[in-house]
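One structure is given below, encoded as structure tokens.
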Amino acid sequence: MKNLGMNISLLLMFSFLASSCSVDDAEYITINGKVERSINQDGIENQLVKVMTRKTFGSGWFSYTRVLDSTVVRTDVNGLFSVNLLNDLNAYATVVYHGDDDYLGSGIFRNYPIDEPIIIKTDKFIKFKIFVNNTNPFDENDFIKIDFFAPPSSNVKRTNIENFGIENTHYPAEPLPGGGSIGPYEEASWTGTNVNSIVYYSAPESAQSFKIRWYKNKNGFQTDGFTDDIPYNINLVNSFSFEY
């Protein structure tokens, strides 16, 4: 029994040493990158980026990808970041950038060569505050719906709706045949006379124009259209009054 205990102790010690050697011998690589505005290449500070090293094994139907190492890093005053991560033969770098309230993020995995600087391009958001008022009501069937139009981008975000009159339209969760459901959602539309609301939007600076797309039903007549271009200052929350 004494010899058995000694053998187990020796095995544990050798196992620990082998493990320590494998960690010490691991190869690391420094990955450098930058988050910058597409419009002028200015670096953006205080942005969170998830950086990973990954490697794909096998091929075809039998391939799979494994994360070797990962961390989350914050950009410096020049928009730069640098991380040391575990490397391996044929590994590559993957980043995920979600953006924030002021900058557009994709939130998807993007792959880069592991030994080249990573450049993440993004747009600053231009923010808008749209006042919606029914100034010439007809009856309780009055209907208005608005969307923010900023071509060619599809990345406009509606960030909030404030109602000082009737509530905007809310749709409850809807069950699907066979199971599951569509979650509840709301839209910037109102039915009634007392419409007095503010809708907040964020649109990427790369858009070519900024307008309100509207759909209206009043006194039995259905109409729709676009406003003129909305003037803006990129450093302000830009107010615009939509009356109908």
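Ligands are numbered from 1 in the order shown, chains are lettered A, B, ... in the order of the structure tokens, and residues start at 1 in each chain.
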
Tell me, as a count of residues only, which residues lie within 8 Å of A:Lys124, counting only C-alpha atoms; anything in the same chain fewer than 3 positions away does not count. 6

If we count only C-alpha atoms, what is near stretch 210-217 of chain A at a cut-off of 6 Å, once residues fewer than 6 positions away on the same chain are taken out, given as a list of chain:residue names?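 In the requested format, the answer is A:Asp142, A:Phe143, A:Ile144, A:Lys145, A:Ile146, A:Asp147, A:Phe148, A:Phe149, A:Ala150, A:Thr223, A:Asp224, A:Gly225, A:Phe226, A:Thr227, A:Asp229, A:Ile230.
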
Taking N, CA, C and O atoms for each residue, export the selection above as a PDB file, in the first residue's frame.
```
ATOM      1  N   ASP A 142     -58.445  58.805 -36.956  1.00  0.00           N
ATOM      2  CA  ASP A 142     -57.204  59.378 -37.492  1.00  0.00           C
ATOM      3  C   ASP A 142     -56.046  58.415 -37.216  1.00  0.00           C
ATOM      4  O   ASP A 142     -55.890  57.911 -36.094  1.00  0.00           O
ATOM      5  N   PHE A 143     -55.225  58.175 -38.244  1.00  0.00           N
ATOM      6  CA  PHE A 143     -54.101  57.252 -38.097  1.00  0.00           C
ATOM      7  C   PHE A 143     -52.850  57.869 -38.702  1.00  0.00           C
ATOM      8  O   PHE A 143     -52.893  58.477 -39.780  1.00  0.00           O
ATOM      9  N   ILE A 144     -51.730  57.690 -38.009  1.00  0.00           N
ATOM     10  CA  ILE A 144     -50.435  58.119 -38.532  1.00  0.00           C
ATOM     11  C   ILE A 144     -49.380  57.088 -38.164  1.00  0.00           C
ATOM     12  O   ILE A 144     -49.393  56.544 -37.048  1.00  0.00           O
ATOM     13  N   LYS A 145     -48.496  56.815 -39.102  1.00  0.00           N
ATOM     14  CA  LYS A 145     -47.339  55.961 -38.840  1.00  0.00           C
ATOM     15  C   LYS A 145     -46.118  56.619 -39.459  1.00  0.00           C
ATOM     16  O   LYS A 145     -46.190  57.130 -40.581  1.00  0.00           O
ATOM     17  N   ILE A 146     -44.991  56.617 -38.725  1.00  0.00           N
ATOM     18  CA  ILE A 146     -43.766  57.188 -39.270  1.00  0.00           C
ATOM     19  C   ILE A 146     -42.613  56.188 -39.164  1.00  0.00           C
ATOM     20  O   ILE A 146     -42.590  55.337 -38.281  1.00  0.00           O
ATOM     21  N   ASP A 147     -41.691  56.308 -40.107  1.00  0.00           N
ATOM     22  CA  ASP A 147     -40.413  55.599 -40.067  1.00  0.00           C
ATOM     23  C   ASP A 147     -39.335  56.618 -40.408  1.00  0.00           C
ATOM     24  O   ASP A 147     -39.611  57.659 -41.019  1.00  0.00           O
ATOM     25  N   PHE A 148     -38.107  56.310 -40.013  1.00  0.00           N
ATOM     26  CA  PHE A 148     -36.997  57.200 -40.351  1.00  0.00           C
ATOM     27  C   PHE A 148     -36.296  56.632 -41.574  1.00  0.00           C
ATOM     28  O   PHE A 148     -35.940  55.450 -41.613  1.00  0.00           O
ATOM     29  N   PHE A 149     -36.098  57.483 -42.571  1.00  0.00           N
ATOM     30  CA  PHE A 149     -35.549  57.080 -43.860  1.00  0.00           C
ATOM     31  C   PHE A 149     -34.172  57.707 -44.017  1.00  0.00           C
ATOM     32  O   PHE A 149     -34.032  58.935 -44.040  1.00  0.00           O
ATOM     33  N   ALA A 150     -33.127  56.859 -44.122  1.00  0.00           N
ATOM     34  CA  ALA A 150     -31.748  57.346 -44.224  1.00  0.00           C
ATOM     35  C   ALA A 150     -30.981  56.475 -45.217  1.00  0.00           C
ATOM     36  O   ALA A 150     -30.110  55.686 -44.826  1.00  0.00           O
ATOM     37  N   THR A 223     -53.030  58.539 -47.403  1.00  0.00           N
ATOM     38  CA  THR A 223     -51.929  59.184 -48.123  1.00  0.00           C
ATOM     39  C   THR A 223     -50.603  58.774 -47.486  1.00  0.00           C
ATOM     40  O   THR A 223     -50.562  58.294 -46.352  1.00  0.00           O
ATOM     41  N   ASP A 224     -49.539  58.951 -48.225  1.00  0.00           N
ATOM     42  CA  ASP A 224     -48.207  58.668 -47.693  1.00  0.00           C
ATOM     43  C   ASP A 224     -47.198  59.525 -48.436  1.00  0.00           C
ATOM     44  O   ASP A 224     -47.501  60.088 -49.498  1.00  0.00           O
ATOM     45  N   GLY A 225     -45.998  59.635 -47.866  1.00  0.00           N
ATOM     46  CA  GLY A 225     -44.975  60.446 -48.513  1.00  0.00           C
ATOM     47  C   GLY A 225     -43.742  60.594 -47.643  1.00  0.00           C
ATOM     48  O   GLY A 225     -43.583  59.910 -46.623  1.00  0.00           O
ATOM     49  N   PHE A 226     -42.870  61.510 -48.066  1.00  0.00           N
ATOM     50  CA  PHE A 226     -41.625  61.797 -47.366  1.00  0.00           C
ATOM     51  C   PHE A 226     -41.564  63.283 -47.029  1.00  0.00           C
ATOM     52  O   PHE A 226     -42.060  64.122 -47.782  1.00  0.00           O
ATOM     53  N   THR A 227     -40.941  63.589 -45.925  1.00  0.00           N
ATOM     54  CA  THR A 227     -40.640  64.985 -45.630  1.00  0.00           C
ATOM     55  C   THR A 227     -39.433  65.424 -46.458  1.00  0.00           C
ATOM     56  O   THR A 227     -38.767  64.616 -47.106  1.00  0.00           O
ATOM     57  N   ASP A 229     -35.534  66.857 -46.638  1.00  0.00           N
ATOM     58  CA  ASP A 229     -34.360  66.485 -45.842  1.00  0.00           C
ATOM     59  C   ASP A 229     -34.344  67.245 -44.526  1.00  0.00           C
ATOM     60  O   ASP A 229     -34.614  68.449 -44.479  1.00  0.00           O
ATOM     61  N   ILE A 230     -34.024  66.525 -43.464  1.00  0.00           N
ATOM     62  CA  ILE A 230     -33.963  67.137 -42.140  1.00  0.00           C
ATOM     63  C   ILE A 230     -32.546  67.662 -41.906  1.00  0.00           C
ATOM     64  O   ILE A 230     -31.572  66.894 -41.986  1.00  0.00           O
TER      65      ILE A 230
END
```

Going by DSSP on the backbone, which bits of stretch 155-240 of chain A are strand (DSSP E)? Write them as a PyMOL selection string, please. chain A and resi 157-163+170-171+174-175+181-182+185-186+189-191+196-204+211-218+221-226+237-240

List as a list of chain:residue names the protein and nucleic acid residues near A:Arg74, meaning an atom at most 9 Å away when only C-alpha atoms are counted, but skip any in the same chain fewer than 6 places from it.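 What passes the distance filter is A:Glu45, A:Asn46, A:Gln47, A:Leu48, A:Val49, A:Lys50, A:Leu80, A:Phe81.
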
Go ahead and write the residues just picked, C-alpha atoms, as an mmCIF file, in the first residue's frame.
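Result file follows (selection.cif):
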```
data_model
loop_
_atom_site.group_PDB
_atom_site.id
_atom_site.type_symbol
_atom_site.label_atom_id
_atom_site.label_comp_id
_atom_site.auth_asym_id
_atom_site.auth_seq_id
_atom_site.Cartn_x
_atom_site.Cartn_y
_atom_site.Cartn_z
ATOM 1 C CA GLU A 45 -11.692 55.814 -27.809
ATOM 2 C CA ASN A 46 -13.391 53.764 -25.098
ATOM 3 C CA GLN A 47 -14.824 51.125 -27.457
ATOM 4 C CA LEU A 48 -15.154 47.531 -26.285
ATOM 5 C CA VAL A 49 -13.886 44.846 -28.680
ATOM 6 C CA LYS A 50 -13.909 41.094 -28.099
ATOM 7 C CA LEU A 80 -6.041 51.556 -30.712
ATOM 8 C CA PHE A 81 -6.040 48.211 -28.927
#
```
